[in-house]
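data.txt follows (compact mmCIF, C-alpha atoms):
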# COMPACT_ATOMS: atom_id res chain seq x y z
CA MET A 443 -12.99 14.72 -11.16
CA LYS A 444 -14.79 14.95 -14.53
CA GLU A 445 -15.46 18.64 -13.87
CA ARG A 446 -11.74 19.28 -13.40
CA ARG A 447 -10.91 17.57 -16.70
CA LEU A 448 -13.63 19.60 -18.39
CA VAL A 449 -12.11 22.83 -17.01
CA ASP A 450 -8.65 21.71 -18.18
CA LEU A 451 -10.04 21.04 -21.67
CA LEU A 452 -11.76 24.43 -21.73
CA LEU A 453 -8.52 26.20 -20.73
CA ILE A 454 -6.60 24.26 -23.41
CA LEU A 455 -9.10 25.53 -26.00
CA ILE A 456 -8.80 29.11 -24.69
CA GLY A 457 -5.00 28.87 -24.90
CA GLY A 458 -5.30 27.61 -28.47
CA ALA A 459 -7.69 30.44 -29.35
CA ILE A 460 -5.28 33.03 -27.89
CA ALA A 461 -2.39 31.58 -29.90
CA LEU A 462 -4.37 31.39 -33.18
CA ILE A 463 -5.94 34.86 -32.90
CA SER A 464 -2.55 36.37 -32.05
CA TYR A 465 -0.89 34.66 -35.00
CA PHE A 466 -3.47 35.77 -37.56
CA TYR A 467 -4.56 39.19 -36.29
CA LEU A 468 -1.69 40.81 -34.38
CA GLU A 469 1.64 42.30 -35.41
CA GLY A 470 4.97 42.88 -33.71
CA ALA A 471 6.30 41.69 -30.35
CA ILE A 472 2.88 41.37 -28.73
CA ARG A 473 1.98 38.77 -31.35
CA TRP A 474 4.82 36.42 -30.31
CA TRP A 475 4.30 37.10 -26.63
CA LEU A 476 0.60 36.12 -26.80
CA ILE A 477 1.38 33.08 -28.95
CA ALA A 478 3.85 31.96 -26.25
CA VAL A 479 1.22 32.55 -23.53
CA GLY A 480 -1.40 30.57 -25.48
CA CYS A 481 0.99 27.68 -26.16
CA GLY A 482 2.06 27.73 -22.50
CA MET A 483 -1.57 27.45 -21.43
CA ILE A 484 -2.08 24.52 -23.78
CA LEU A 485 0.98 22.73 -22.42
CA ILE A 486 0.25 23.36 -18.73
CA PHE A 487 -3.40 22.32 -18.84
CA LEU A 488 -2.73 19.36 -21.16
CA VAL A 489 -0.22 18.00 -18.64
CA SER A 490 -2.70 18.69 -15.83
CA ALA A 491 -5.47 16.83 -17.67
CA ILE A 492 -3.21 13.83 -18.37
CA ARG A 493 -2.03 13.64 -14.75
CA GLU A 494 -5.60 13.93 -13.47
CA LYS A 495 -6.69 11.07 -15.73
CA HIS A 496 -4.17 8.70 -14.09
CA ARG A 497 -4.76 9.87 -10.51
CA VAL A 498 -6.71 7.48 -8.25
CA PRO A 499 -9.16 9.33 -6.00
CA LEU A 500 -8.84 8.85 -2.25
CA GLN A 501 -11.99 8.02 -0.36
CA ALA A 502 -12.64 9.65 2.99
CA GLY A 503 -10.65 7.83 5.65
CA ALA A 504 -8.91 5.56 3.14
CA PRO A 505 -5.20 4.96 3.63
CA ILE A 506 -2.81 6.41 1.08
CA LEU A 507 -1.27 3.04 0.30
CA ASN A 508 -4.16 0.70 -0.51
CA MET A 509 -3.92 -3.02 -0.87
CA PRO A 510 -5.36 -4.12 -4.20
CA PRO A 511 -8.99 -5.26 -3.99
CA ASP A 512 -8.09 -8.79 -5.19
CA SER A 513 -5.73 -9.43 -2.26
CA LYS A 514 -6.93 -12.42 -0.26
CA VAL A 515 -5.03 -11.66 2.95
CA THR A 516 -6.90 -9.16 5.13
CA GLU A 517 -6.11 -9.93 8.77
CA VAL A 518 -3.97 -11.82 11.27
CA LEU A 519 -5.55 -13.78 14.14
CA LEU A 520 -3.79 -15.00 17.28
CA LEU A 521 -5.10 -18.52 17.96
CA ASN A 522 -5.32 -20.35 21.29
CA GLU A 523 -5.00 -24.13 21.76
CA GLU A 524 -8.68 -24.64 20.78
CA ASP A 525 -8.22 -22.68 17.52
CA GLN A 526 -10.21 -19.73 18.85
CA ALA A 527 -9.13 -16.20 18.05
CA LEU A 528 -7.65 -14.33 21.02
CA ALA A 529 -6.82 -11.16 19.09
CA THR A 530 -7.16 -9.82 15.55
CA TRP A 531 -5.07 -7.32 13.58
CA PRO A 532 -6.34 -5.94 10.24
CA LEU A 533 -3.82 -5.67 7.41
CA TYR A 534 -5.82 -3.49 5.04
CA GLY A 535 -3.92 -0.33 4.15
CA LYS A 536 -0.72 -1.50 5.87
CA VAL A 537 2.60 -2.21 4.20
CA SER A 538 4.54 -3.51 7.18
CA MET A 539 3.70 -5.01 10.58
CA ILE A 540 6.28 -5.77 13.29
CA ILE A 541 5.51 -8.91 15.35
CA GLY A 542 6.79 -9.17 18.91
CA ARG A 543 6.05 -8.11 22.50
CA ASP A 544 5.37 -4.61 23.79
CA VAL A 545 7.70 -4.19 26.76
CA GLY A 546 9.06 -0.91 28.02
CA GLU A 547 9.56 1.67 25.31
CA ASN A 548 9.32 -0.55 22.22
CA GLN A 549 6.03 -0.81 20.35
CA VAL A 550 5.09 -3.51 17.89
CA ASP A 551 2.13 -3.73 15.53
CA ILE A 552 1.22 -7.33 16.43
CA ASN A 553 1.67 -7.65 20.19
CA LEU A 554 1.88 -11.28 21.36
CA LEU A 555 2.28 -10.41 25.05
CA SER A 556 -1.16 -11.92 25.77
CA SER A 557 -0.21 -15.22 24.12
CA THR A 558 0.24 -18.34 26.26
CA TYR A 559 3.73 -18.62 24.78
CA ALA A 560 4.71 -14.95 25.17
CA SER A 561 7.97 -15.92 26.89
CA MET A 562 9.11 -17.57 23.63
CA VAL A 563 8.44 -14.42 21.60
CA ASP A 564 11.30 -11.94 21.18
CA VAL A 565 10.65 -8.24 21.72
CA VAL A 566 11.06 -7.79 17.95
CA HIS A 567 10.58 -11.28 16.54
CA ALA A 568 9.42 -11.03 12.92
CA VAL A 569 7.98 -8.67 10.34
CA LEU A 570 5.16 -8.90 7.80
CA ASN A 571 5.83 -6.88 4.63
CA TYR A 572 3.53 -6.16 1.71
CA ALA A 573 5.34 -6.06 -1.64
CA SER A 574 4.43 -6.75 -5.27
CA GLY A 575 0.83 -7.61 -4.41
CA SER A 576 1.64 -10.23 -1.74
CA TRP A 577 2.41 -10.47 1.97
CA TYR A 578 5.73 -11.88 3.19
CA VAL A 579 6.91 -12.90 6.66
CA GLU A 580 10.53 -12.57 7.70
CA ASP A 581 12.32 -13.81 10.84
CA LEU A 582 14.33 -10.98 12.41
CA ALA A 583 17.07 -13.24 13.85
CA SER A 584 14.83 -14.39 16.71
CA LYS A 585 15.91 -16.94 19.33
CA ASN A 586 12.97 -19.31 18.85
CA GLY A 587 12.48 -18.86 15.12
CA VAL A 588 9.54 -18.54 12.76
CA SER A 589 7.77 -21.35 10.92
CA VAL A 590 4.99 -21.29 8.36
CA GLN A 591 2.40 -24.03 7.97
CA SER A 592 0.87 -23.96 4.51
CA GLY A 593 -2.92 -23.74 4.43
CA LYS A 594 -2.91 -25.64 1.13
CA ASP A 595 -0.91 -28.79 1.88
CA GLY A 596 -0.39 -28.59 5.66
CA ARG A 597 3.42 -28.69 5.41
CA LYS A 598 5.38 -26.76 7.98
CA TYR A 599 8.50 -24.82 6.97
CA LYS A 600 11.14 -23.32 9.28
CA LEU A 601 12.32 -19.94 7.99
CA ALA A 602 15.94 -18.90 7.76
CA SER A 603 16.75 -15.54 9.33
CA ASP A 604 16.32 -12.51 7.08
CA GLN A 605 14.78 -14.59 4.25
CA PRO A 606 11.23 -13.45 3.35
CA CYS A 607 8.59 -16.13 2.81
CA LYS A 608 5.37 -15.46 0.87
CA ILE A 609 2.21 -16.14 2.85
CA ASP A 610 -1.35 -16.72 1.71
CA ALA A 611 -4.78 -16.82 3.33
CA GLY A 612 -5.09 -19.99 5.42
CA ASP A 613 -1.40 -20.18 6.34
CA ILE A 614 -0.38 -20.33 9.99
CA ILE A 615 2.72 -18.49 11.17
CA TYR A 616 4.41 -19.91 14.26
CA ILE A 617 6.20 -17.23 16.28
CA GLY A 618 7.98 -19.48 18.74
CA LEU A 619 4.94 -21.58 19.68
CA ALA A 620 2.36 -18.78 19.29
CA ARG A 621 0.14 -19.36 16.25
CA LEU A 622 -1.02 -16.61 13.92
CA LEU A 623 -3.64 -17.49 11.32
CA ILE A 624 -3.48 -15.47 8.11
CA ARG A 625 -6.98 -14.79 6.84
What would the structure in this file look like if it were written as structure tokens?
Amino acid sequence: MKERRLVDLLLILIGGAIALISYFYLEGAIRWWLIAVGCGMILIFLVSAIREKHRVPLQAGAPILNMPPDSKVTEVLLLNEEDQALATWPLYGKVSMIIGRDVGENQVDINLLSSTYASMVDVVHAVLNYASGSWYVEDLASKNGVSVQSGKDGRKYKLASDQPCKIDAGDIIYIGLARLLIR
């Protein structure tokens, strides 16, 4: 990336040299035409250099939309009755995850079909959304509802339909009676 900025700087200097030489050493219409070309080069490569400075490089295999490195929430775990993980879904690089059951043609990101309480999970039950540096859970008008148990104070909150609730690492989301640990 530094090489590209160096090339942009070099082309800005060449554009400036073309404009200055034309102004001082040429006469007539060619003078103004070359000054315009030189100034155009300066403008184009200056904008290119500024844009390149603010561009974040993508690493091989990295998702386009990255979660910030300071985000504490990285995965969702389906827990059984003994608090053992039955399944895990990574959240890194995601901005939205649909929670429900894969039946027929629908597909969800977090499939709770293998849960003991799968019959209490709607086909499309809830959604996790990443916005403004945090994850939120939202009940999608499900029959058996969504609750969140805070990992900080242990309180359990029942969510109203279509009202996002911020979640943090350590929280447990209840989808019906299925438990999802946010880690």
Just how far from CA of His567 in chain A is CA of Lys594 in chain A, in Å to one decimal?
25.0 Å
Pick from A:Val479, A:Ala471, A:Asp564, A:Lys598 nearest to Leu453 in chain A, counting all atoms listed in the file:
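Once distances to Leu453 in chain A are computed over all atoms listed in the file, the minimum belongs to A:Val479.
Point (1.7, -20.7, 23.9) has the following residues at most 12 Å away: Leu520, Leu521, Asn522, Glu523, Glu524, Asp525, Leu528, Leu554, Leu555, Ser556, Ser557, Thr558, Tyr559, Ala560, Ser561, Met562, Val563, Tyr616, Ile617, Gly618, Leu619, Ala620, Arg621 and Leu622 of chain A (atoms considered: only C-alpha atoms).
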Which neighbours of range 603-608 of chain A fall inside 7 Å, counting all atoms listed in the file, when residues of the same chain fewer than 3 positions from it are skipped, and could you give them as number ranges by chain?
A: 576-583
Which residue is closest to Glu547 in chain A? Choose from A:Val565, A:Leu533, A:Ile472, A:Ile609 and count all atoms listed in the file.
A:Val565
So how many Å separate CA of Asp450 in chain A and CA of Ser490 in chain A, to one decimal?
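So the answer is 7.1 Å.
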Between CA of Tyr534 in chain A and CA of Leu623 in chain A, distance in Å (one decimal):
15.5 Å
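Nearest to Arg625 in chain A of all the residues A:Ser464, A:Thr516, A:Ser584, A:Asn553 is A:Thr516, counting all atoms listed in the file.
Near Arg597 in chain A, within 10 Å and counting all atoms listed in the file, sit Val590, Gln591 and Asp613 of chain A, not including residues fewer than 6 positions from it in the same chain.
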Could I get range 451-465 of chain A rebuilt with N, CA, C and O atoms, written as a short mmCIF file (atom, residue, chain, number, x, y, z; two decimals), keeping the file's coordinate frame?
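Output (rebuild.cif):
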data_model
loop_
_atom_site.label_atom_id
_atom_site.label_comp_id
_atom_site.auth_asym_id
_atom_site.auth_seq_id
_atom_site.Cartn_x
_atom_site.Cartn_y
_atom_site.Cartn_z
N LEU A 451 -9.78 21.04 -20.24
CA LEU A 451 -10.04 21.04 -21.67
C LEU A 451 -10.46 22.43 -22.15
O LEU A 451 -10.00 22.91 -23.20
N LEU A 452 -11.32 23.09 -21.38
CA LEU A 452 -11.76 24.43 -21.73
C LEU A 452 -10.58 25.40 -21.75
O LEU A 452 -10.44 26.23 -22.67
N LEU A 453 -9.69 25.31 -20.78
CA LEU A 453 -8.52 26.20 -20.73
C LEU A 453 -7.52 25.88 -21.85
O LEU A 453 -6.85 26.78 -22.36
N ILE A 454 -7.44 24.63 -22.26
CA ILE A 454 -6.60 24.26 -23.41
C ILE A 454 -7.16 24.94 -24.67
O ILE A 454 -6.40 25.51 -25.47
N LEU A 455 -8.48 24.89 -24.83
CA LEU A 455 -9.10 25.53 -26.00
C LEU A 455 -8.92 27.04 -25.97
O LEU A 455 -8.67 27.67 -27.02
N ILE A 456 -9.01 27.66 -24.80
CA ILE A 456 -8.80 29.11 -24.69
C ILE A 456 -7.36 29.46 -25.05
O ILE A 456 -7.10 30.43 -25.77
N GLY A 457 -6.40 28.64 -24.55
CA GLY A 457 -5.00 28.87 -24.90
C GLY A 457 -4.77 28.75 -26.39
O GLY A 457 -4.04 29.55 -27.00
N GLY A 458 -5.42 27.76 -27.01
CA GLY A 458 -5.30 27.61 -28.47
C GLY A 458 -5.91 28.79 -29.20
O GLY A 458 -5.35 29.27 -30.20
N ALA A 459 -7.04 29.28 -28.73
CA ALA A 459 -7.69 30.44 -29.35
C ALA A 459 -6.80 31.67 -29.24
O ALA A 459 -6.66 32.44 -30.21
N ILE A 460 -6.18 31.89 -28.07
CA ILE A 460 -5.28 33.03 -27.89
C ILE A 460 -4.12 32.95 -28.88
O ILE A 460 -3.78 33.93 -29.54
N ALA A 461 -3.53 31.75 -29.00
CA ALA A 461 -2.39 31.58 -29.90
C ALA A 461 -2.80 31.81 -31.36
O ALA A 461 -2.10 32.50 -32.11
N LEU A 462 -3.93 31.25 -31.79
CA LEU A 462 -4.37 31.39 -33.18
C LEU A 462 -4.77 32.84 -33.52
O LEU A 462 -4.40 33.37 -34.58
N ILE A 463 -5.52 33.47 -32.65
CA ILE A 463 -5.94 34.86 -32.90
C ILE A 463 -4.72 35.76 -32.97
O ILE A 463 -4.62 36.64 -33.84
N SER A 464 -3.78 35.55 -32.05
CA SER A 464 -2.55 36.37 -32.05
C SER A 464 -1.76 36.18 -33.34
O SER A 464 -1.24 37.13 -33.91
N TYR A 465 -1.67 34.94 -33.80
CA TYR A 465 -0.89 34.66 -35.00
C TYR A 465 -1.50 35.32 -36.24
O TYR A 465 -0.79 35.88 -37.07
#
